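Participant: Below you'll find the structure I mean.
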Amino acid sequence: MKQKRVLILTGGTISVDFAKKFLENQEFDTVIAADSGLKSVEALNLPVDYILGDFDSVPSDILEQYRTYAKGKQHITMKKYNPEKDETDTQIAITLATELEADEIVILGATGTRIDHMLANIHLLYIPLKQNRKACIIDEHNKIYLIDQNTTLIKDKLYGSYLSLLPLTETVKHVTLEGFKYPLLKRTLHVGESIGISNEVVSPKANILLESGILVVVESKD
């Protein structure tokens with residue numbers, strides 16, 4: 001059965017040149033623009049299915065262009081939220097993607113100069129994780145995702161040469177790393193330590209085994 005893939009463009013930093021190259025070989029069933037992610041949709045000339053957010057950081061001309069365009073296109077849905085809402089625009093977009101029953105969610109624009117938003121966005125990956133849906137944040141240099149079960153990595157398919165593991169939960173129990181430059185054997189990882197930073201996969205396949213807890217996985221190009 002074909003996997004349903006949803007692309008979210010949100011309001012952090014998106015390199016248009018990178019995004020164009022990344023999207024060349026990607027297919028998505030649904031595209032969601034969250035607030036100023038609409039600027040990237042416009043720059044990339046992407047078809048968009050949902051436009052949502054408080055629109056406090058979208059240029060008025062771009063917003064009006066898509067508002068006019070949406071009136072004539074039944075498949076485009078626009079929804080404006082109060083700027084003083086509890087959820088960020090990215091959270092609303094991720095929740096929508098899960099409601100659309102996405103098997104995989106790819107998020108561009110979730111990193112950038114606002115470290116508070118970036119940290120929140122990493123935590124938001126917990127929403128699809130707890131529903132057993134794949135989700136990742138991607139930028140020019142990193143692919144970020146969460147795991148809470150044993151995971152096999154294929155070296156030739158990694159996003160970059162370096163791989164870091166950080167606990168999202170207070171502890172991640174009995175972590176074993178097989179096929180890594182720096183292996184581990186049933187090591188419990190704790191919040192507040194950096195032992196999982198900057199490892200490398202040295203075998204064609206590598207395994208991350210864990211008993212309980214959630215790990216943040218970062219595949220990095222530099």
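Chain lettering (A, B, ...) mirrors the order of the structure tokens, residue numbering begins at 1 for each chain separately, and ligand numbering begins at 1 in order of display.
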Among range 88-219 of chain A, which ones does DSSP assign to alpha helix (DSSP H) (computed from the backbone)? Answer as a ChimeraX atom specification.
Facilitator: /A:89-99,115-124,126-129
Participant: Measuring between only C-alpha atoms, which one of A:Ser36, A:Ser164, A:Ser220, A:Ser60 shows the shortest distance to Ile197 in chain A?
Facilitator: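 Answer, going by the shortest atom-to-atom distance: A:Ser164.
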Participant: Mind checking which residues fall within 8 Å of Ile76 in chain A, counting only C-alpha atoms, ignoring those fewer than 5 positions away in the same chain, and posting them as a list in words?
Facilitator: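 With the cut-off at 8 Å, the set is Val48, Asp49, Tyr50, Ile51 and Ala70 of chain A.
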Participant: Please write the residues from the selection above to a file, keeping C-alpha atoms, as a compact mmCIF listing (two decimals), in the first residue's frame.
Facilitator:
```txt
# COMPACT_ATOMS: atom_id res chain seq x y z
CA VAL A 48 -0.41 23.94 -1.67
CA ASP A 49 -3.45 22.26 -0.12
CA TYR A 50 -3.73 23.95 3.29
CA ILE A 51 -2.67 27.43 4.41
CA ALA A 70 -7.90 29.98 -2.90
```
Participant: Select, from A:Ile195, A:Leu210, A:Leu108, A:Ala34, the residue with the minimum atom-to-atom distance to Met78 in chain A, counting only C-alpha atoms.
Facilitator: A:Ala34
Participant: I'd like to know which of A:Leu158, A:Val191, A:Tyr66, A:Ile107 is closest to Asn45 in chain A, using only C-alpha atoms.
Facilitator: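 The answer is A:Tyr66, which sits nearest to Asn45 in chain A.
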Participant: Which residue out of A:His141, A:Lys85, A:Lys134, A:Lys173 has the minimum interatomic distance to His190 in chain A when only C-alpha atoms are used?
Facilitator: A:Lys173
Participant: Would you work out the distance separating CA of Val218 in chain A from CA of Val6 in chain A, expressed in Å to one decimal?
Facilitator: 20.5 Å
Participant: Of the candidates A:Ala93, A:Ala19, A:Leu38, A:Val106, which one gets nearest to Arg5 in chain A if we count only C-alpha atoms?
Facilitator: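 Of A:Ala93, A:Ala19, A:Leu38, A:Val106, the one nearest Arg5 in chain A, counting only C-alpha atoms, is A:Val106.
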Participant: So which residues touch Asp222 in chain A within 10 Å, counting only C-alpha atoms, skipping near sequence neighbours fewer than 2 positions away, as a PDB file with N, CA, C and O atoms, in the first residue's frame?
Facilitator:
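Result written to out.pdb:
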```pdb
ATOM      1  N   GLU A 140      19.268  22.200   5.607  1.00  0.00           N
ATOM      2  CA  GLU A 140      20.436  21.977   4.748  1.00  0.00           C
ATOM      3  C   GLU A 140      21.439  20.998   5.340  1.00  0.00           C
ATOM      4  O   GLU A 140      22.138  20.289   4.620  1.00  0.00           O
ATOM      5  N   HIS A 141      21.516  20.963   6.658  1.00  0.00           N
ATOM      6  CA  HIS A 141      22.594  20.216   7.309  1.00  0.00           C
ATOM      7  C   HIS A 141      22.129  19.051   8.165  1.00  0.00           C
ATOM      8  O   HIS A 141      22.943  18.193   8.522  1.00  0.00           O
ATOM      9  N   ASN A 142      20.845  18.996   8.520  1.00  0.00           N
ATOM     10  CA  ASN A 142      20.402  18.018   9.507  1.00  0.00           C
ATOM     11  C   ASN A 142      19.066  17.374   9.151  1.00  0.00           C
ATOM     12  O   ASN A 142      18.198  17.999   8.530  1.00  0.00           O
ATOM     13  N   GLY A 160      23.582  12.350   6.563  1.00  0.00           N
ATOM     14  CA  GLY A 160      24.939  12.880   6.672  1.00  0.00           C
ATOM     15  C   GLY A 160      25.855  11.875   7.334  1.00  0.00           C
ATOM     16  O   GLY A 160      25.444  10.772   7.708  1.00  0.00           O
ATOM     17  N   SER A 161      27.107  12.259   7.511  1.00  0.00           N
ATOM     18  CA  SER A 161      28.115  11.333   8.036  1.00  0.00           C
ATOM     19  C   SER A 161      28.059  11.159   9.543  1.00  0.00           C
ATOM     20  O   SER A 161      28.558  10.169  10.083  1.00  0.00           O
ATOM     21  N   TYR A 162      27.490  12.137  10.237  1.00  0.00           N
ATOM     22  CA  TYR A 162      27.484  12.108  11.699  1.00  0.00           C
ATOM     23  C   TYR A 162      26.085  11.841  12.223  1.00  0.00           C
ATOM     24  O   TYR A 162      25.089  12.270  11.636  1.00  0.00           O
ATOM     25  N   SER A 198      27.791  13.078  18.060  1.00  0.00           N
ATOM     26  CA  SER A 198      28.767  12.948  16.983  1.00  0.00           C
ATOM     27  C   SER A 198      29.364  11.554  16.842  1.00  0.00           C
ATOM     28  O   SER A 198      30.572  11.373  16.813  1.00  0.00           O
ATOM     29  N   GLU A 219      20.846  13.254  12.229  1.00  0.00           N
ATOM     30  CA  GLU A 219      21.792  12.895  11.175  1.00  0.00           C
ATOM     31  C   GLU A 219      22.304  14.196  10.563  1.00  0.00           C
ATOM     32  O   GLU A 219      21.512  14.984  10.043  1.00  0.00           O
ATOM     33  N   SER A 220      23.632  14.409  10.645  1.00  0.00           N
ATOM     34  CA  SER A 220      24.197  15.710  10.260  1.00  0.00           C
ATOM     35  C   SER A 220      25.221  15.580   9.144  1.00  0.00           C
ATOM     36  O   SER A 220      25.990  14.619   9.096  1.00  0.00           O
TER      37      SER A 220
END
```
Participant: Quick one: everything within 6 Å of range 146-148 of chain A, counting only C-alpha atoms, minus sequence neighbours fewer than 3 positions away in the same chain. Send it as an mmCIF file with N, CA and C atoms, in the first residue's frame.
Facilitator:
```cif
data_model
loop_
_atom_site.group_PDB
_atom_site.id
_atom_site.type_symbol
_atom_site.label_atom_id
_atom_site.label_comp_id
_atom_site.auth_asym_id
_atom_site.auth_seq_id
_atom_site.Cartn_x
_atom_site.Cartn_y
_atom_site.Cartn_z
ATOM 1 N N GLY A 213 12.089 4.677 26.819
ATOM 2 C CA GLY A 213 12.476 6.072 26.672
ATOM 3 C C GLY A 213 12.413 6.527 25.226
ATOM 4 N N ILE A 214 12.724 7.790 25.007
ATOM 5 C CA ILE A 214 12.682 8.397 23.671
ATOM 6 C C ILE A 214 14.001 9.080 23.380
ATOM 7 N N LEU A 215 14.552 8.825 22.210
ATOM 8 C CA LEU A 215 15.790 9.456 21.766
ATOM 9 C C LEU A 215 15.518 10.458 20.649
ATOM 10 N N VAL A 216 16.210 11.586 20.709
ATOM 11 C CA VAL A 216 16.289 12.501 19.570
ATOM 12 C C VAL A 216 17.460 12.037 18.714
ATOM 13 N N VAL A 217 17.197 11.769 17.439
ATOM 14 C CA VAL A 217 18.247 11.339 16.509
ATOM 15 C C VAL A 217 18.512 12.471 15.536
#
```
Participant: For Ile208 in chain A, which of A:Tyr182, A:Thr188, A:Thr152, A:Leu166 is the closest residue, counting only C-alpha atoms?
Facilitator: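 Ranking A:Tyr182, A:Thr188, A:Thr152, A:Leu166 by distance to Ile208 in chain A, first place goes to A:Thr152.
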Participant: Please return as a ChimeraX atom specification: the residues of chain A that backbone DSSP assigns to strand (DSSP E or B).
Facilitator: /A:5-9,30-34,50-53,77-80,104-108,134-138,142-147,151-154,162-167,171-178,180,184-190,199,201,205-209,212,215-220
Participant: Could you jot down the CA of Thr111 in chain A to CA of Thr10 in chain A separation for me, Å, one decimal place?
Facilitator: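 Separation between CA of Thr111 in chain A and CA of Thr10 in chain A: 9.2 Å.
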